[in-house]
>>> print(open('query06.cif').read())   # mmCIF, C-alpha atoms and all ligand atoms
data_final
#
loop_
_atom_site.group_PDB
_atom_site.id
_atom_site.type_symbol
_atom_site.label_atom_id
_atom_site.label_comp_id
_atom_site.auth_asym_id
_atom_site.auth_seq_id
_atom_site.Cartn_x
_atom_site.Cartn_y
_atom_site.Cartn_z
ATOM 1 C CA MET A 538 28.736 15.522 24.841
ATOM 2 C CA LYS A 539 29.341 12.409 26.903
ATOM 3 C CA PHE A 540 31.485 14.451 29.308
ATOM 4 C CA ILE A 541 28.696 16.999 29.772
ATOM 5 C CA LYS A 542 26.287 14.143 30.433
ATOM 6 C CA ILE A 543 28.551 12.699 33.137
ATOM 7 C CA LEU A 544 28.847 16.128 34.786
ATOM 8 C CA LYS A 545 25.090 16.529 34.650
ATOM 9 C CA ASP A 546 24.590 13.128 36.271
ATOM 10 C CA ILE A 547 26.905 14.084 39.122
ATOM 11 C CA PHE A 548 25.677 17.614 39.826
ATOM 12 C CA ALA A 549 22.042 17.369 38.796
ATOM 13 C CA PRO A 550 21.105 13.689 38.970
ATOM 14 C CA LYS A 551 17.794 12.491 37.620
ATOM 15 C CA LYS A 552 15.157 12.017 40.282
ATOM 16 C CA CYS A 553 12.085 9.811 40.099
ATOM 17 C CA TYR A 554 8.943 11.960 39.699
ATOM 18 C CA SER A 555 7.108 9.650 42.067
ATOM 19 C CA CYS A 556 9.438 8.544 44.894
ATOM 20 C CA TRP A 557 12.338 11.033 44.444
ATOM 21 C CA LYS A 558 14.970 8.312 44.349
ATOM 22 C CA GLU A 559 17.942 9.233 42.163
ATOM 23 C CA TRP A 560 19.122 8.109 38.678
ATOM 24 C CA HIS A 561 15.774 7.731 36.897
ATOM 25 C CA PHE A 562 12.868 10.049 36.095
ATOM 26 C CA LEU A 563 10.589 7.094 36.653
ATOM 27 C CA CYS A 564 12.100 4.163 38.501
ATOM 28 C CA LEU A 565 11.041 0.628 37.707
ATOM 29 C CA SER A 566 9.199 0.061 40.970
ATOM 30 C CA CYS A 567 7.146 3.250 40.480
ATOM 31 C CA LEU A 568 6.420 2.326 36.861
ATOM 32 C CA GLN A 569 5.142 -1.052 38.012
ATOM 33 C CA LYS A 570 2.733 0.697 40.374
ATOM 34 C CA CYS A 571 1.255 2.712 37.483
ATOM 35 C CA ASP A 572 -1.485 0.246 36.543
ATOM 36 C CA ASN A 573 0.170 -0.722 33.256
ATOM 37 C CA PHE A 574 -1.519 -2.317 30.292
ATOM 38 C CA ASP A 575 -2.156 -6.031 30.176
ATOM 39 C CA GLU A 576 -1.906 -7.747 26.814
ATOM 40 C CA SER A 577 -5.036 -6.538 25.034
ATOM 41 C CA CYS A 578 -6.463 -5.357 21.719
ATOM 42 C CA PHE A 579 -6.339 -1.548 21.559
ATOM 43 C CA PHE A 580 -9.649 -1.193 19.745
ATOM 44 C CA CYS A 581 -11.985 -3.468 21.760
ATOM 45 C CA LYS A 582 -9.918 -3.524 24.993
ATOM 46 C CA ASN A 583 -10.425 -7.290 25.348
ATOM 47 C CA PRO A 584 -7.497 -9.595 26.119
ATOM 48 C CA SER A 585 -5.283 -10.419 23.157
ATOM 49 C CA MET A 586 -1.962 -12.255 23.065
ATOM 50 C CA ASN A 587 1.059 -10.037 22.382
ATOM 51 C CA PHE A 588 -1.158 -6.943 21.992
ATOM 52 C CA GLU A 589 -2.248 -8.222 18.534
ATOM 53 C CA ILE A 590 -5.306 -6.499 17.047
ATOM 54 C CA HIS A 591 -8.158 -8.990 16.489
ATOM 55 C CA GLU A 592 -8.996 -9.541 12.826
ATOM 56 C CA ASP A 593 -12.565 -8.306 13.486
ATOM 57 C CA CYS A 594 -11.281 -5.142 15.142
ATOM 58 C CA LYS A 595 -9.023 -4.080 12.266
ATOM 59 C CA LYS A 596 -11.869 -2.677 10.126
ATOM 60 C CA GLU A 597 -10.207 -0.014 8.006
ATOM 61 C CA SER A 598 -6.928 -0.064 9.851
ATOM 62 C CA ASN A 599 -3.810 -1.870 8.692
ATOM 63 C CA ILE A 600 -2.258 -1.965 12.147
ATOM 64 C CA ASP A 601 -1.491 -5.487 13.360
ATOM 65 C CA GLN A 602 -0.315 -4.784 16.878
ATOM 66 C CA ILE A 603 -0.479 -1.824 19.295
ATOM 67 C CA ILE A 604 1.818 -2.086 22.310
ATOM 68 C CA VAL A 605 1.014 0.385 25.087
ATOM 69 C CA LEU A 606 3.154 0.788 28.190
ATOM 70 C CA THR A 607 0.890 2.709 30.534
ATOM 71 C CA HIS A 608 -2.047 5.091 31.089
ATOM 72 C CA TYR A 609 -1.924 8.804 30.303
ATOM 73 C CA LYS A 610 -4.527 9.500 32.997
ATOM 74 C CA ASN A 611 -1.920 8.669 35.634
ATOM 75 C CA SER A 612 -0.790 12.075 36.904
ATOM 76 C CA VAL A 613 2.912 11.126 37.148
ATOM 77 C CA ILE A 614 2.956 9.782 33.590
ATOM 78 C CA LYS A 615 1.105 12.856 32.315
ATOM 79 C CA LYS A 616 3.583 15.217 33.960
ATOM 80 C CA LEU A 617 6.573 13.276 32.637
ATOM 81 C CA ILE A 618 5.274 13.315 29.072
ATOM 82 C CA LYS A 619 4.353 17.002 29.230
ATOM 83 C CA ASP A 620 7.778 17.937 30.603
ATOM 84 C CA ALA A 621 9.486 15.876 27.919
ATOM 85 C CA LYS A 622 7.405 17.448 25.180
ATOM 86 C CA PHE A 623 7.008 21.074 26.149
ATOM 87 C CA TYR A 624 9.696 21.811 28.722
ATOM 88 C CA LYS A 625 12.708 20.412 26.879
ATOM 89 C CA LYS A 626 13.416 17.621 29.362
ATOM 90 C CA LYS A 627 14.615 15.260 26.666
ATOM 91 C CA ASP A 628 16.272 12.902 29.162
ATOM 92 C CA ILE A 629 12.836 11.713 30.266
ATOM 93 C CA LEU A 630 12.402 10.205 26.822
ATOM 94 C CA GLU A 631 15.571 8.167 27.306
ATOM 95 C CA ASP A 632 14.075 6.495 30.372
ATOM 96 C CA PHE A 633 10.852 5.722 28.564
ATOM 97 C CA SER A 634 12.790 4.402 25.553
ATOM 98 C CA PHE A 635 14.449 1.850 27.786
ATOM 99 C CA TYR A 636 11.109 0.557 29.070
ATOM 100 C CA LEU A 637 9.615 0.550 25.563
ATOM 101 C CA SER A 638 12.609 -1.401 24.220
ATOM 102 C CA LYS A 639 12.107 -4.096 26.822
ATOM 103 C CA LEU A 640 8.427 -4.362 25.859
ATOM 104 C CA LEU A 641 9.233 -4.475 22.168
ATOM 105 C CA LEU A 642 11.775 -7.262 22.560
ATOM 106 C CA LYS A 643 9.342 -9.214 24.736
ATOM 107 C CA TYR A 644 6.583 -9.144 22.129
ATOM 108 C CA GLN A 645 8.766 -9.418 19.009
ATOM 109 C CA LYS A 646 10.904 -12.435 19.774
ATOM 110 C CA ASN A 647 10.711 -14.263 16.471
ATOM 111 C CA ILE A 648 11.316 -11.506 13.954
ATOM 112 C CA LYS A 649 14.741 -10.845 12.437
ATOM 113 C CA LYS A 650 15.999 -7.377 13.305
ATOM 114 C CA SER A 651 17.158 -6.854 9.729
ATOM 115 C CA ASP A 652 13.516 -7.171 8.604
ATOM 116 C CA GLN A 653 12.392 -4.499 11.045
ATOM 117 C CA LEU A 654 12.425 -0.728 10.847
ATOM 118 C CA LEU A 655 11.543 1.830 13.519
ATOM 119 C CA ILE A 656 9.741 4.891 12.143
ATOM 120 C CA PRO A 657 8.810 7.800 14.427
ATOM 121 C CA VAL A 658 5.589 9.699 13.753
ATOM 122 C CA PRO A 659 6.883 12.816 11.994
ATOM 123 C CA MET A 660 6.217 16.389 13.022
ATOM 124 C CA TYR A 661 5.585 19.217 10.565
ATOM 125 C CA PHE A 662 8.985 20.868 10.048
ATOM 126 C CA LEU A 663 7.904 24.270 11.373
ATOM 127 C CA ARG A 664 6.565 22.794 14.579
ATOM 128 C CA LYS A 665 9.735 20.769 15.046
ATOM 129 C CA TRP A 666 11.793 23.881 14.440
ATOM 130 C CA LYS A 667 9.792 25.769 17.069
ATOM 131 C CA ARG A 668 10.023 22.979 19.614
ATOM 132 C CA TRP A 669 13.647 22.060 18.747
ATOM 133 C CA TYR A 670 12.954 18.354 18.527
ATOM 134 C CA ASN A 671 10.357 15.722 17.807
ATOM 135 C CA GLN A 672 9.764 13.600 20.900
ATOM 136 C CA SER A 673 8.802 10.543 18.806
ATOM 137 C CA GLU A 674 12.093 10.766 16.928
ATOM 138 C CA ILE A 675 14.069 10.800 20.172
ATOM 139 C CA LEU A 676 12.116 7.809 21.457
ATOM 140 C CA SER A 677 12.720 5.938 18.204
ATOM 141 C CA ASP A 678 16.468 6.717 18.114
ATOM 142 C CA ASN A 679 16.897 5.578 21.696
ATOM 143 C CA ILE A 680 14.867 2.398 21.171
ATOM 144 C CA SER A 681 17.200 1.753 18.255
ATOM 145 C CA LYS A 682 20.228 2.054 20.545
ATOM 146 C CA PHE A 683 18.783 -0.478 22.982
ATOM 147 C CA THR A 684 17.329 -2.969 20.490
ATOM 148 C CA LYS A 685 19.741 -2.576 17.516
ATOM 149 C CA ILE A 686 16.742 -2.200 15.194
ATOM 150 C CA LEU A 687 17.379 0.528 12.613
ATOM 151 C CA SER A 688 15.499 3.811 13.146
ATOM 152 C CA ARG A 689 14.659 5.966 10.119
ATOM 153 C CA SER A 690 13.085 9.382 10.533
ATOM 154 C CA ASP A 691 13.773 10.420 6.925
ATOM 155 C CA ILE A 692 11.344 8.090 5.124
ATOM 156 C CA LEU A 693 8.009 9.508 6.219
ATOM 157 C CA VAL A 694 7.197 13.217 5.975
ATOM 158 C CA ARG A 695 4.395 15.297 7.437
ATOM 159 C CA LYS A 696 3.198 17.479 4.597
ATOM 160 C CA ARG A 697 1.376 20.234 6.345
ATOM 161 C CA ASN A 698 0.562 21.377 9.802
ATOM 162 C CA THR A 699 -2.570 19.430 10.636
ATOM 163 C CA ILE A 700 -4.778 21.196 13.147
ATOM 164 C CA GLN A 701 -4.082 19.733 16.546
ATOM 165 C CA GLN A 702 -6.173 16.595 16.819
ATOM 166 C CA SER A 703 -7.678 17.433 20.174
ATOM 167 C CA LYS A 704 -9.106 20.706 18.868
ATOM 168 C CA ILE A 705 -11.382 19.288 16.199
ATOM 169 C CA TRP A 706 -14.530 17.227 16.093
ATOM 170 C CA MET A 707 -14.294 13.447 15.795
ATOM 171 C CA LYS A 708 -16.185 13.564 12.481
ATOM 172 C CA GLN A 709 -13.709 15.949 10.934
ATOM 173 C CA ARG A 710 -10.677 14.049 12.150
ATOM 174 C CA GLN A 711 -10.452 11.669 9.254
ATOM 175 C CA ASN A 712 -10.720 14.503 6.700
ATOM 176 C CA ASN A 713 -8.146 16.582 8.444
ATOM 177 C CA LEU A 714 -5.570 13.843 8.050
ATOM 178 C CA VAL A 715 -6.092 13.044 4.381
ATOM 179 C CA TRP A 716 -2.841 13.754 2.538
ATOM 180 C CA ALA A 717 -1.102 14.776 5.738
ATOM 181 C CA PHE A 718 1.779 12.327 5.202
ATOM 182 C CA TRP A 719 3.862 11.057 2.325
ATOM 183 C CA VAL A 720 6.710 8.626 1.736
ATOM 184 C CA LYS A 721 9.778 10.035 -0.022
ATOM 185 C CA ASN A 722 10.090 8.555 -3.517
ATOM 186 C CA LYS A 723 13.672 7.400 -3.116
ATOM 187 C CA PHE A 724 12.825 5.353 -0.019
ATOM 188 C CA GLN A 725 9.658 3.648 -1.227
ATOM 189 C CA ASP A 726 11.461 0.391 -2.101
ATOM 190 C CA ILE A 727 12.973 0.069 1.364
ATOM 191 C CA LEU A 728 9.521 -0.571 2.819
ATOM 192 C CA ARG A 729 8.770 -3.739 0.844
ATOM 193 C CA TRP A 730 8.308 -6.820 3.097
ATOM 194 C CA LYS A 731 9.424 -4.882 6.141
ATOM 195 C CA HIS A 732 7.974 -5.071 9.605
ATOM 196 C CA ILE A 733 7.451 -1.408 10.489
ATOM 197 C CA ILE A 734 7.381 -0.294 14.107
ATOM 198 C CA LEU A 735 5.723 3.122 14.402
ATOM 199 C CA VAL A 736 6.824 5.053 17.468
ATOM 200 C CA ASP A 737 4.822 7.787 19.206
ATOM 201 C CA ASP A 738 4.424 9.163 22.720
ATOM 202 C CA VAL A 739 0.653 9.066 23.253
ATOM 203 C CA ILE A 740 -2.224 7.380 21.431
ATOM 204 C CA SER A 741 -5.816 8.591 21.734
ATOM 205 C CA THR A 742 -8.178 7.412 18.976
ATOM 206 C CA GLY A 743 -5.301 6.146 16.855
ATOM 207 C CA SER A 744 -6.511 8.019 13.760
ATOM 208 C CA THR A 745 -3.085 9.490 12.909
ATOM 209 C CA LEU A 746 -1.401 6.099 13.218
ATOM 210 C CA ILE A 747 -4.133 4.384 11.169
ATOM 211 C CA GLU A 748 -3.609 6.966 8.422
ATOM 212 C CA ILE A 749 0.144 6.318 8.390
ATOM 213 C CA ALA A 750 -0.329 2.537 8.467
ATOM 214 C CA ASN A 751 -2.714 2.681 5.509
ATOM 215 C CA LEU A 752 -0.191 4.751 3.565
ATOM 216 C CA LEU A 753 2.736 2.428 4.364
ATOM 217 C CA LYS A 754 0.757 -0.674 3.377
ATOM 218 C CA LYS A 755 0.615 0.675 -0.189
ATOM 219 C CA TYR A 756 4.384 0.164 -0.423
ATOM 220 C CA GLY A 757 4.319 -3.541 0.404
ATOM 221 C CA VAL A 758 4.913 -3.404 4.132
ATOM 222 C CA TRP A 759 4.422 -6.855 5.690
ATOM 223 C CA LYS A 760 3.430 -6.045 9.255
ATOM 224 C CA ILE A 761 2.774 -2.879 11.249
ATOM 225 C CA THR A 762 3.326 -2.565 14.972
ATOM 226 C CA VAL A 763 2.712 0.600 16.968
ATOM 227 C CA ILE A 764 4.522 1.242 20.223
ATOM 228 C CA VAL A 765 3.612 4.134 22.524
ATOM 229 C CA ILE A 766 4.255 5.252 26.080
ATOM 230 C CA ALA A 767 0.654 5.881 27.019
ATOM 231 C CA SER A 768 -2.966 5.743 25.942
ATOM 232 C CA ASP A 769 -5.538 8.265 27.117
HETATM 233 ZN ZN ZN A 801 10.345 5.892 41.908
HETATM 234 ZN ZN ZN A 802 -10.251 -6.479 19.499
#
>>> encode(input="query06.cif", output="structure tokens", more="lines below")
Ligand SMILES: [Zn+2]
Ligand SMILES: [Zn+2]
Amino acid sequence: MKFIKILKDIFAPKKCYSCWKEWHFLCLSCLQKCDNFDESCFFCKNPSMNFEIHEDCKKESNIDQIIVLTHYKNSVIKKLIKDAKFYKKKDILEDFSFYLSKLLLKYQKNIKKSDQLLIPVPMYFLRKWKRWYNQSEILSDNISKFTKILSRSDILVRKRNTIQQSKIWMKQRQNNLVWAFWVKNKFQDILRWKHIILVDDVISTGSTLIEIANLLKKYGVWKITVIVIASD
């Protein structure tokens, strides 16, 4: 596999979607021009150190921190994420994983890696089978390679194919997600006292992630961080 990758790099090198320079799908200087997120609270958008969620903004959510790299409305970012998701350009996710890893390490300096666990947002098995892969799982596995934090995609399961979130009314969203996820019995003990880092590509209202966080908290999780490429 490594050999094929080297050949691919030589004959079809990655090119930046924005400036067309080689070796990256999004080079660092173009990423920095993308109007990235300052440290803020995801729910009220006001400044907040280390992307921590203010106590008053938590309401019914158990999420302690939501780290967002950039904006989905940026046309380059949107195209990259769409290509990675729907057009099988998995390598794009590797580039994003590198940037997400750097962010994660910056805002998680004082936590022991052995107390942390990366968990990708799962996909219903039929959808994953149709698409060949789950983009969140690839992000999580690559972040694990860069940060040495363990990634586990086998703990959390998506029970049924929830109707795509964008297609339903806000009011119905919460109902649609009830019972959509579960934690495998044999892994429930692993979660106790852990700092869970949930990995996804895009966050909109955050309802899916809130649902997962509320489920994980039942198993004694200590802290929940979310890390995503973009927010719309
Ligand atoms: Zn560039
Ligand atoms: Zn807030």
>>> residues_near_point(input="query06.cif", point="(6.0, 12.5, 7.8)", cutoff="7 Å", atoms="all atoms listed in the file", output="CSV table (one decimal) with C-alpha atoms, in the frame of the given file")
chain,number,residue,atom,x,y,z
A,658,VAL,CA,5.6,9.7,13.8
A,659,PRO,CA,6.9,12.8,12.0
A,660,MET,CA,6.2,16.4,13.0
A,693,LEU,CA,8.0,9.5,6.2
A,694,VAL,CA,7.2,13.2,6.0
A,695,ARG,CA,4.4,15.3,7.4
A,696,LYS,CA,3.2,17.5,4.6
A,718,PHE,CA,1.8,12.3,5.2
A,719,TRP,CA,3.9,11.1,2.3
>>> resolve_selection(input="query06.cif", expression="the PyMOL selection byres (((chain A and resi 742) around 10) and not hetatm)", output="PyMOL selection string")
chain A and resi 579-580+702+707+710+739-741+743-747+768-769
>>> resolve_selection(input="query06.cif", expression="the PyMOL selection byres (((not hetatm)) within 10 of (chain A and resi 802))", output="list in words")
Ser577, Cys578, Phe579, Phe580, Cys581, Lys582, Asn583, Pro584, Ser585, Phe588, Glu589, Ile590, His591, Glu592, Asp593, Cys594 and Lys595 of chain A
>>> residues_near_ligand(input="query06.cif", ligand="ligand ZN 801 (chain A)", cutoff="9 Å", atoms="all atoms listed in the file", output="number ranges by chain")
A: 552-559, 561-568
>>> write_last_selection(input="query06.cif", atoms="C-alpha atoms", output="short mmCIF file (atom, residue, chain, number, x, y, z; two decimals), in the coordinates of the input")
data_model
loop_
_atom_site.label_atom_id
_atom_site.label_comp_id
_atom_site.auth_asym_id
_atom_site.auth_seq_id
_atom_site.Cartn_x
_atom_site.Cartn_y
_atom_site.Cartn_z
CA LYS A 552 15.16 12.02 40.28
CA CYS A 553 12.08 9.81 40.10
CA TYR A 554 8.94 11.96 39.70
CA SER A 555 7.11 9.65 42.07
CA CYS A 556 9.44 8.54 44.89
CA TRP A 557 12.34 11.03 44.44
CA LYS A 558 14.97 8.31 44.35
CA GLU A 559 17.94 9.23 42.16
CA HIS A 561 15.77 7.73 36.90
CA PHE A 562 12.87 10.05 36.10
CA LEU A 563 10.59 7.09 36.65
CA CYS A 564 12.10 4.16 38.50
CA LEU A 565 11.04 0.63 37.71
CA SER A 566 9.20 0.06 40.97
CA CYS A 567 7.15 3.25 40.48
CA LEU A 568 6.42 2.33 36.86
#
>>> closest_residue(input="query06.cif", among="A:Leu752, A:Leu640, A:Ile614, A:Val758", to="Asp572 of chain A", atoms="all atoms listed in the file")
A:Ile614
>>> closest_residue(input="query06.cif", among="A:Leu728, A:Met586, A:Ala750, A:Val736", to="Asn599 of chain A", atoms="all atoms listed in the file")
A:Ala750
>>> build_atoms(input="query06.cif", residues="segment 619-636 of chain A", atoms="N, CA and C atoms", output="short mmCIF file (atom, residue, chain, number, x, y, z; two decimals), in the frame of the given file")
data_model
loop_
_atom_site.label_atom_id
_atom_site.label_comp_id
_atom_site.auth_asym_id
_atom_site.auth_seq_id
_atom_site.Cartn_x
_atom_site.Cartn_y
_atom_site.Cartn_z
N LYS A 619 4.45 15.56 29.50
CA LYS A 619 4.35 17.00 29.23
C LYS A 619 5.71 17.68 29.37
N ASP A 620 6.45 17.34 30.41
CA ASP A 620 7.78 17.94 30.60
C ASP A 620 8.73 17.57 29.46
N ALA A 621 8.62 16.33 29.01
CA ALA A 621 9.49 15.88 27.92
C ALA A 621 9.15 16.59 26.62
N LYS A 622 7.87 16.87 26.43
CA LYS A 622 7.40 17.45 25.18
C LYS A 622 7.55 18.97 25.14
N PHE A 623 7.10 19.61 26.19
CA PHE A 623 7.01 21.07 26.15
C PHE A 623 8.06 21.81 26.97
N TYR A 624 8.72 21.12 27.88
CA TYR A 624 9.70 21.81 28.72
C TYR A 624 11.14 21.34 28.51
N LYS A 625 11.36 20.75 27.33
CA LYS A 625 12.71 20.41 26.88
C LYS A 625 13.47 19.42 27.78
N LYS A 626 12.73 18.64 28.56
CA LYS A 626 13.42 17.62 29.36
C LYS A 626 13.54 16.33 28.54
N LYS A 627 14.47 16.37 27.60
CA LYS A 627 14.62 15.26 26.67
C LYS A 627 15.05 13.96 27.35
N ASP A 628 15.76 14.10 28.47
CA ASP A 628 16.27 12.90 29.16
C ASP A 628 15.15 11.96 29.60
N ILE A 629 13.98 12.54 29.86
CA ILE A 629 12.84 11.71 30.27
C ILE A 629 12.54 10.67 29.19
N LEU A 630 12.70 11.10 27.94
CA LEU A 630 12.40 10.20 26.82
C LEU A 630 13.37 9.03 26.78
N GLU A 631 14.59 9.26 27.24
CA GLU A 631 15.57 8.17 27.31
C GLU A 631 15.09 7.07 28.25
N ASP A 632 14.59 7.48 29.41
CA ASP A 632 14.08 6.50 30.37
C ASP A 632 12.92 5.69 29.78
N PHE A 633 11.99 6.42 29.15
CA PHE A 633 10.85 5.72 28.56
C PHE A 633 11.31 4.80 27.43
N SER A 634 12.30 5.23 26.67
CA SER A 634 12.79 4.40 25.55
C SER A 634 13.29 3.06 26.05
N PHE A 635 13.93 3.09 27.21
CA PHE A 635 14.45 1.85 27.79
C PHE A 635 13.30 0.89 28.10
N TYR A 636 12.25 1.41 28.73
CA TYR A 636 11.11 0.56 29.07
C TYR A 636 10.38 0.06 27.81
#
